[in-house]
$ cat query39.txt   # compact mmCIF, C-alpha atoms and all ligand atoms
# COMPACT_ATOMS: atom_id res chain seq x y z
CA MET F 176 -13.31 -14.56 -14.79
CA GLN F 177 -12.83 -10.99 -13.56
CA THR F 178 -9.68 -9.13 -14.59
CA GLY F 179 -7.04 -9.27 -11.89
CA VAL F 180 -5.05 -6.24 -10.85
CA THR F 181 -2.77 -5.26 -7.99
CA LEU F 182 -3.35 -1.99 -6.19
CA TRP F 183 -0.01 -1.14 -4.66
CA PHE F 184 -0.53 1.23 -1.72
CA THR F 185 2.66 3.15 -0.98
CA GLY F 186 3.18 5.92 1.55
CA LEU F 187 4.70 6.82 4.89
CA SER F 188 4.06 4.78 8.00
CA GLY F 189 0.70 5.91 9.36
CA SER F 190 -0.41 7.46 6.07
CA GLY F 191 -3.38 5.05 5.87
CA LYS F 192 -2.38 2.16 3.59
CA THR F 193 -3.71 -0.64 5.81
CA THR F 194 -6.81 1.32 6.80
CA LEU F 195 -7.77 2.06 3.20
CA SER F 196 -6.97 -1.41 1.92
CA ARG F 197 -9.36 -2.83 4.56
CA CYS F 198 -12.08 -0.36 3.60
CA VAL F 199 -11.66 -1.17 -0.11
CA GLU F 200 -11.59 -4.89 0.65
CA GLN F 201 -14.89 -4.63 2.54
CA GLN F 202 -16.53 -2.81 -0.35
CA LEU F 203 -15.22 -5.28 -2.93
CA LYS F 204 -16.36 -8.26 -0.87
CA ARG F 205 -19.79 -6.71 -0.57
CA MET F 206 -19.83 -6.49 -4.37
CA GLY F 207 -18.89 -10.16 -4.68
CA VAL F 208 -15.43 -9.41 -6.11
CA ALA F 209 -12.52 -11.80 -5.43
CA THR F 210 -9.97 -9.82 -3.44
CA GLU F 211 -6.99 -10.42 -1.17
CA THR F 212 -4.83 -8.18 0.97
CA LEU F 213 -1.07 -8.36 1.38
CA ASP F 214 0.38 -6.27 4.17
CA GLY F 215 3.96 -5.48 5.10
CA ASP F 216 3.30 -6.09 8.79
CA ILE F 217 1.72 -9.48 8.16
CA LEU F 218 4.51 -10.69 5.90
CA ARG F 219 7.04 -9.57 8.47
CA ASP F 220 5.11 -11.38 11.21
CA GLN F 221 4.21 -14.57 9.34
CA ILE F 222 7.17 -15.16 7.04
CA PHE F 223 10.10 -12.90 7.81
CA ARG F 224 10.15 -12.52 11.57
CA GLY F 225 13.13 -10.41 12.56
CA LEU F 226 13.58 -8.86 9.14
CA GLY F 227 14.95 -5.32 9.40
CA PHE F 228 14.49 -2.17 7.38
CA SER F 229 17.79 -1.89 5.51
CA LYS F 230 17.40 -1.54 1.76
CA GLU F 231 18.24 -5.24 1.33
CA ASP F 232 15.70 -6.38 3.91
CA ARG F 233 12.99 -4.14 2.51
CA SER F 234 13.79 -5.47 -0.94
CA LEU F 235 13.30 -9.09 0.16
CA ASN F 236 9.94 -8.25 1.72
CA ILE F 237 8.78 -6.35 -1.35
CA ARG F 238 10.00 -8.95 -3.85
CA THR F 239 8.15 -11.66 -1.96
CA ALA F 240 5.00 -9.56 -1.92
CA ALA F 241 5.33 -8.89 -5.64
CA TYR F 242 5.66 -12.61 -6.33
CA LEU F 243 2.53 -13.41 -4.31
CA ALA F 244 0.66 -10.51 -5.91
CA GLN F 245 1.63 -11.73 -9.37
CA LEU F 246 0.23 -15.21 -8.68
CA LEU F 247 -3.04 -13.86 -7.33
CA THR F 248 -3.43 -11.21 -10.01
CA ARG F 249 -3.06 -13.67 -12.85
CA HIS F 250 -5.93 -15.68 -11.36
CA GLY F 251 -8.27 -12.72 -11.53
CA VAL F 252 -7.97 -11.48 -7.95
CA ILE F 253 -7.94 -7.80 -7.04
CA VAL F 254 -4.91 -7.62 -4.76
CA LEU F 255 -4.56 -4.84 -2.20
CA ALA F 256 -0.90 -4.61 -1.26
CA SER F 257 0.15 -2.23 1.54
CA PHE F 258 3.85 -1.61 1.82
CA ILE F 259 5.69 1.62 2.64
CA SER F 260 7.91 0.61 -0.31
CA PRO F 261 9.88 3.87 -0.18
CA TYR F 262 12.17 3.22 -3.16
CA ARG F 263 11.02 4.00 -6.69
CA ASP F 264 13.16 1.32 -8.27
CA MET F 265 11.56 -1.39 -6.13
CA ARG F 266 8.04 -0.22 -6.94
CA GLU F 267 8.98 -0.14 -10.62
CA GLN F 268 10.22 -3.73 -10.38
CA CYS F 269 6.88 -4.71 -8.83
CA ARG F 270 5.04 -3.05 -11.70
CA GLN F 271 7.14 -4.90 -14.27
CA ARG F 272 6.76 -8.22 -12.51
CA ILE F 273 3.05 -8.09 -11.74
CA GLY F 274 1.73 -6.66 -15.03
CA PRO F 275 -1.72 -5.23 -14.23
CA PHE F 276 -0.53 -2.79 -11.58
CA LEU F 277 -1.95 0.42 -10.14
CA GLU F 278 0.27 2.51 -7.94
CA VAL F 279 -1.82 4.21 -5.26
CA TYR F 280 0.06 6.96 -3.50
CA VAL F 281 -1.37 7.28 -0.01
CA LYS F 282 -0.32 10.84 0.57
CA CYS F 283 0.04 12.37 4.00
CA SER F 284 2.67 14.74 5.36
CA TRP F 285 5.36 13.46 7.67
CA GLU F 286 4.13 15.88 10.34
CA GLU F 287 0.57 14.52 10.23
CA CYS F 288 1.80 10.90 10.30
CA ALA F 289 3.96 11.78 13.30
CA ARG F 290 0.95 13.40 14.96
CA ARG F 291 -1.14 10.24 14.37
CA ASP F 292 1.72 7.99 15.46
CA THR F 293 -0.62 5.00 15.43
CA LYS F 294 2.12 2.51 16.34
CA GLY F 295 4.28 4.76 18.53
CA LEU F 296 7.07 4.44 15.96
CA TYR F 297 7.55 8.16 15.33
CA ARG F 298 8.16 8.78 19.02
CA LYS F 299 10.73 5.98 19.08
CA ALA F 300 12.38 7.14 15.86
CA LEU F 301 12.62 10.71 17.09
CA SER F 302 14.27 9.54 20.29
CA GLY F 303 16.80 7.55 18.26
CA GLU F 304 15.50 4.08 19.20
CA ILE F 305 14.83 3.08 15.58
CA LYS F 306 17.31 3.32 12.78
CA HIS F 307 16.20 3.21 9.14
CA PHE F 308 13.01 5.15 9.76
CA THR F 309 11.32 6.30 6.57
CA GLY F 310 11.11 10.07 6.27
CA LEU F 311 13.63 10.63 9.06
CA THR F 312 16.79 8.60 8.61
CA ASP F 313 15.69 6.77 5.43
CA PRO F 314 14.29 8.37 2.27
CA TYR F 315 10.77 8.20 0.93
CA GLU F 316 10.81 8.61 -2.83
CA GLU F 317 7.40 9.98 -3.84
CA PRO F 318 5.76 8.31 -6.83
CA LEU F 319 6.27 10.34 -10.01
CA HIS F 320 3.34 8.98 -12.03
CA PRO F 321 1.00 7.07 -9.73
CA GLU F 322 -2.31 5.97 -11.21
CA LEU F 323 -4.05 7.34 -8.15
CA ILE F 324 -3.26 9.74 -5.32
CA VAL F 325 -5.39 9.70 -2.18
CA ASP F 326 -4.78 12.58 0.20
CA THR F 327 -5.55 11.15 3.63
CA GLU F 328 -4.67 14.37 5.38
CA ASN F 329 -7.50 16.35 3.82
CA THR F 330 -9.94 13.64 2.74
CA SER F 331 -11.92 11.23 4.92
CA GLU F 332 -11.43 7.46 4.88
CA GLU F 333 -14.84 7.09 3.24
CA GLN F 334 -14.03 9.57 0.48
CA CYS F 335 -10.61 8.02 -0.20
CA THR F 336 -12.26 4.59 -0.42
CA GLU F 337 -14.87 5.98 -2.79
CA GLN F 338 -12.14 7.47 -5.02
CA ILE F 339 -10.43 4.08 -5.30
CA ILE F 340 -13.67 2.22 -6.03
CA ALA F 341 -14.59 4.87 -8.61
CA TYR F 342 -11.22 4.42 -10.34
CA LEU F 343 -11.67 0.64 -10.50
CA THR F 344 -15.17 1.07 -11.88
CA LYS F 345 -14.19 3.69 -14.44
CA HIS F 346 -11.38 1.53 -15.77
CA GLY F 347 -13.50 -1.61 -15.95
CA TYR F 348 -11.84 -3.66 -13.21
CA ILE F 349 -15.19 -3.95 -11.43
CA GLY F 350 -18.78 -3.46 -12.47
CA ARG F 351 -20.90 -0.62 -11.17
CA ALA F 352 -21.73 -0.97 -7.47
CA ASP F 353 -25.49 -1.19 -8.15
CA SER F 354 -25.08 -3.94 -10.76
CA HIS F 355 -23.80 -6.30 -8.07
CA ALA F 356 -26.73 -5.77 -5.70
N1 LIG M 401 -8.44 9.49 5.07
C1 LIG M 401 -7.82 8.57 5.80
N2 LIG M 401 -7.47 7.39 5.24
C2 LIG M 401 -6.82 6.44 5.95
N3 LIG M 401 -6.48 6.56 7.26
C3 LIG M 401 -6.81 7.72 7.88
C4 LIG M 401 -7.47 8.77 7.18
N4 LIG M 401 -7.66 9.80 8.03
C5 LIG M 401 -7.15 9.42 9.20
N5 LIG M 401 -6.63 8.17 9.14
C6 LIG M 401 -6.02 7.43 10.27
O1 LIG M 401 -4.63 7.28 10.00
C7 LIG M 401 -4.16 6.06 10.54
C8 LIG M 401 -3.51 5.26 9.42
O2 LIG M 401 -2.90 4.10 9.95
P1 LIG M 401 -2.53 2.83 9.08
O3 LIG M 401 -2.14 1.75 10.04
O4 LIG M 401 -3.60 2.55 8.11
O5 LIG M 401 -1.24 3.35 8.31
P2 LIG M 401 -0.23 2.54 7.38
O6 LIG M 401 0.01 3.42 6.21
O7 LIG M 401 -0.74 1.17 7.14
O8 LIG M 401 1.09 2.50 8.27
P3 LIG M 401 2.26 1.39 8.31
O9 LIG M 401 3.13 1.62 7.12
O10 LIG M 401 3.01 1.71 9.58
O11 LIG M 401 1.64 0.03 8.35
C9 LIG M 401 -5.36 5.34 11.14
O12 LIG M 401 -5.40 5.61 12.54
C10 LIG M 401 -6.54 6.01 10.44
O13 LIG M 401 -7.72 5.99 11.21
MG MG M 402 0.00 -0.74 7.58

$ encode --input "query39.txt" --output "structure tokens"
Amino acid sequence: MQTGVTLWFTGLSGSGKTTLSRCVEQQLKRMGVATETLDGDILRDQIFRGLGFSKEDRSLNIRTAAYLAQLLTRHGVIVLASFISPYRDMREQCRQRIGPFLEVYVKCSWEECARRDTKGLYRKALSGEIKHFTGLTDPYEEPLHPELIVDTENTSEEQCTEQIIAYLTKHGYIGRADSHA
């Protein structure tokens, strides 16, 4: 059985967590690797409809994700978890709970995320329609020692994906891309 691990993508809204987790998932599937994605938006839609963004509500969402990630990881799956997860203590709890855990800091400036504004949330937050908005009215605590940093402001989606795949290969979580052909 392959070694399971959770890649925990953290970063501002619009930084590229979901985009990159889908790109990595595609690559892993092509290589025949068992993988699963967990996404903040999906959990909020499928399980916790109406959940807010207070620290307590975020904590419930993250703890549930960590529990699911732990189950999958221990069965050899490479889990791609995309959650803003702005608080260091919560991410640290995920690391402790899950075991094989790689923190991937999806780095992008607040200004660039606001320019992208893929969901129209920055516009709403700036006009005061959303409270608890990360980077504006709520903090984002940058990772201090992430296993991987991908800079989505200055690096293409393809290159960021390649960096993640290269890390997994180098550390033996997956075989070399050509060996799966
Ligand atoms: N190098 C890159 N990596 C990832 N996304 C990028 C990159 N460059 C530009 N983008 C764009 O940035 C946007 C990222 O949106 P995405 O939904 O993935 O963010 P997110 O971090 O999942 O946000 P949220 O926390 O709100 O779910 C996409 O429109 C994507 O095309
Ligand atoms: Mg997302």

$ residues_near_ligand --input "query39.txt" --ligand "ligand LIG 401 (chain M)" --cutoff "8 Å" --atoms "only C-alpha atoms and all ligand atoms" --output "VMD selection string"
chain F and resid 185 to 195 214 to 216 257 to 259 281 288 291 to 294 325 to 336

$ write_last_selection --input "query39.txt" --atoms "C-alpha atoms" --output "PDB file, in the frame of the given file"
ATOM      1  CA  THR F 185       2.660   3.150  -0.980  1.00  0.00           C
ATOM      2  CA  GLY F 186       3.180   5.920   1.550  1.00  0.00           C
ATOM      3  CA  LEU F 187       4.700   6.820   4.890  1.00  0.00           C
ATOM      4  CA  SER F 188       4.060   4.780   8.000  1.00  0.00           C
ATOM      5  CA  GLY F 189       0.700   5.910   9.360  1.00  0.00           C
ATOM      6  CA  SER F 190      -0.410   7.460   6.070  1.00  0.00           C
ATOM      7  CA  GLY F 191      -3.380   5.050   5.870  1.00  0.00           C
ATOM      8  CA  LYS F 192      -2.380   2.160   3.590  1.00  0.00           C
ATOM      9  CA  THR F 193      -3.710  -0.640   5.810  1.00  0.00           C
ATOM     10  CA  THR F 194      -6.810   1.320   6.800  1.00  0.00           C
ATOM     11  CA  LEU F 195      -7.770   2.060   3.200  1.00  0.00           C
ATOM     12  CA  ASP F 214       0.380  -6.270   4.170  1.00  0.00           C
ATOM     13  CA  GLY F 215       3.960  -5.480   5.100  1.00  0.00           C
ATOM     14  CA  ASP F 216       3.300  -6.090   8.790  1.00  0.00           C
ATOM     15  CA  SER F 257       0.150  -2.230   1.540  1.00  0.00           C
ATOM     16  CA  PHE F 258       3.850  -1.610   1.820  1.00  0.00           C
ATOM     17  CA  ILE F 259       5.690   1.620   2.640  1.00  0.00           C
ATOM     18  CA  VAL F 281      -1.370   7.280  -0.010  1.00  0.00           C
ATOM     19  CA  CYS F 288       1.800  10.900  10.300  1.00  0.00           C
ATOM     20  CA  ARG F 291      -1.140  10.240  14.370  1.00  0.00           C
ATOM     21  CA  ASP F 292       1.720   7.990  15.460  1.00  0.00           C
ATOM     22  CA  THR F 293      -0.620   5.000  15.430  1.00  0.00           C
ATOM     23  CA  LYS F 294       2.120   2.510  16.340  1.00  0.00           C
ATOM     24  CA  VAL F 325      -5.390   9.700  -2.180  1.00  0.00           C
ATOM     25  CA  ASP F 326      -4.780  12.580   0.200  1.00  0.00           C
ATOM     26  CA  THR F 327      -5.550  11.150   3.630  1.00  0.00           C
ATOM     27  CA  GLU F 328      -4.670  14.370   5.380  1.00  0.00           C
ATOM     28  CA  ASN F 329      -7.500  16.350   3.820  1.00  0.00           C
ATOM     29  CA  THR F 330      -9.940  13.640   2.740  1.00  0.00           C
ATOM     30  CA  SER F 331     -11.920  11.230   4.920  1.00  0.00           C
ATOM     31  CA  GLU F 332     -11.430   7.460   4.880  1.00  0.00           C
ATOM     32  CA  GLU F 333     -14.840   7.090   3.240  1.00  0.00           C
ATOM     33  CA  GLN F 334     -14.030   9.570   0.480  1.00  0.00           C
ATOM     34  CA  CYS F 335     -10.610   8.020  -0.200  1.00  0.00           C
ATOM     35  CA  THR F 336     -12.260   4.590  -0.420  1.00  0.00           C
TER      36      THR F 336
END

$ closest_residue --input "query39.txt" --among "F:Arg197, F:Lys345, F:Lys299, F:Arg290" --to "ligand MG 402 (chain M)" --atoms "only C-alpha atoms and all ligand atoms"
F:Arg197

$ residues_around --input "query39.txt" --residues "F:Glu316" --least-positions-apart "4" --cutoff "8 Å" --atoms "all atoms listed in the file" --output "MDAnalysis selection string"
chainID F and resid 261:263

$ write_last_selection --input "query39.txt" --atoms "C-alpha atoms" --output "mmCIF file, keeping the file's coordinate frame"
data_model
loop_
_atom_site.group_PDB
_atom_site.id
_atom_site.type_symbol
_atom_site.label_atom_id
_atom_site.label_comp_id
_atom_site.auth_asym_id
_atom_site.auth_seq_id
_atom_site.Cartn_x
_atom_site.Cartn_y
_atom_site.Cartn_z
ATOM 1 C CA PRO F 261 9.880 3.870 -0.180
ATOM 2 C CA TYR F 262 12.170 3.220 -3.160
ATOM 3 C CA ARG F 263 11.020 4.000 -6.690
#

$ residues_around --input "query39.txt" --residues "F:Leu182" --least-positions-apart "3" --cutoff "9 Å" --atoms "only C-alpha atoms" --output "list of chain:residue names"
F:Ser196, F:Ile253, F:Val254, F:Leu255, F:Ala256, F:Ser257, F:Pro275, F:Phe276, F:Leu277, F:Glu278, F:Val279

$ write_last_selection --input "query39.txt" --atoms "C-alpha atoms" --output "compact mmCIF listing (two decimals), in the frame of the given file"
# COMPACT_ATOMS: atom_id res chain seq x y z
CA SER F 196 -6.97 -1.41 1.92
CA ILE F 253 -7.94 -7.80 -7.04
CA VAL F 254 -4.91 -7.62 -4.76
CA LEU F 255 -4.56 -4.84 -2.20
CA ALA F 256 -0.90 -4.61 -1.26
CA SER F 257 0.15 -2.23 1.54
CA PRO F 275 -1.72 -5.23 -14.23
CA PHE F 276 -0.53 -2.79 -11.58
CA LEU F 277 -1.95 0.42 -10.14
CA GLU F 278 0.27 2.51 -7.94
CA VAL F 279 -1.82 4.21 -5.26

$ closest_residue --input "query39.txt" --among "F:Ser229, F:Leu218, F:Val252, F:Pro321" --to "ligand MG 402 (chain M)" --atoms "only C-alpha atoms and all ligand atoms"
F:Leu218

$ closest_residue --input "query39.txt" --among "F:Thr212, F:Gln201, F:Ser302, F:Thr248" --to "ligand MG 402 (chain M)" --atoms "all atoms listed in the file"
F:Thr212

$ closest_residue --input "query39.txt" --among "F:Val199, F:Met206, F:Met176, F:Ile217" --to "ligand MG 402 (chain M)" --atoms "only C-alpha atoms and all ligand atoms"
F:Ile217

$ atom_distance --input "query39.txt" --atom1 "atom CA of F:Leu203" --atom2 "atom CA of F:Gly251"
13.3 Å

$ residues_around --input "query39.txt" --residues "F:Gly274" --least-positions-apart "4" --cutoff "8 Å" --atoms "all atoms listed in the file" --output "list in words"
Val180, Gln245 and Arg270 of chain F

$ closest_residue --input "query39.txt" --among "F:Phe184, F:Tyr280, F:Tyr297, F:Tyr342" --to "ligand MG 402 (chain M)" --atoms "all atoms listed in the file"
F:Phe184

$ closest_residue --input "query39.txt" --among "F:Gln202, F:Phe308, F:Arg219, F:Val208" --to "ligand MG 402 (chain M)" --atoms "only C-alpha atoms and all ligand atoms"
F:Arg219

$ atom_distance --input "query39.txt" --atom1 "atom CA of F:Ala241" --atom2 "atom CA of F:Cys269"
5.5 Å

$ atom_distance --input "query39.txt" --atom1 "atom CA of F:Ile324" --atom2 "atom CA of F:Lys282"
6.7 Å

$ residues_near_point --input "query39.txt" --point "(14.0, 0.3, 11.1)" --cutoff "7 Å" --atoms "all atoms listed in the file" --output "VMD selection string"
chain F and resid 227 to 228 305 to 308

$ write_last_selection --input "query39.txt" --atoms "C-alpha atoms" --output "compact mmCIF listing (two decimals), keeping the file's coordinate frame"
# COMPACT_ATOMS: atom_id res chain seq x y z
CA GLY F 227 14.95 -5.32 9.40
CA PHE F 228 14.49 -2.17 7.38
CA ILE F 305 14.83 3.08 15.58
CA LYS F 306 17.31 3.32 12.78
CA HIS F 307 16.20 3.21 9.14
CA PHE F 308 13.01 5.15 9.76
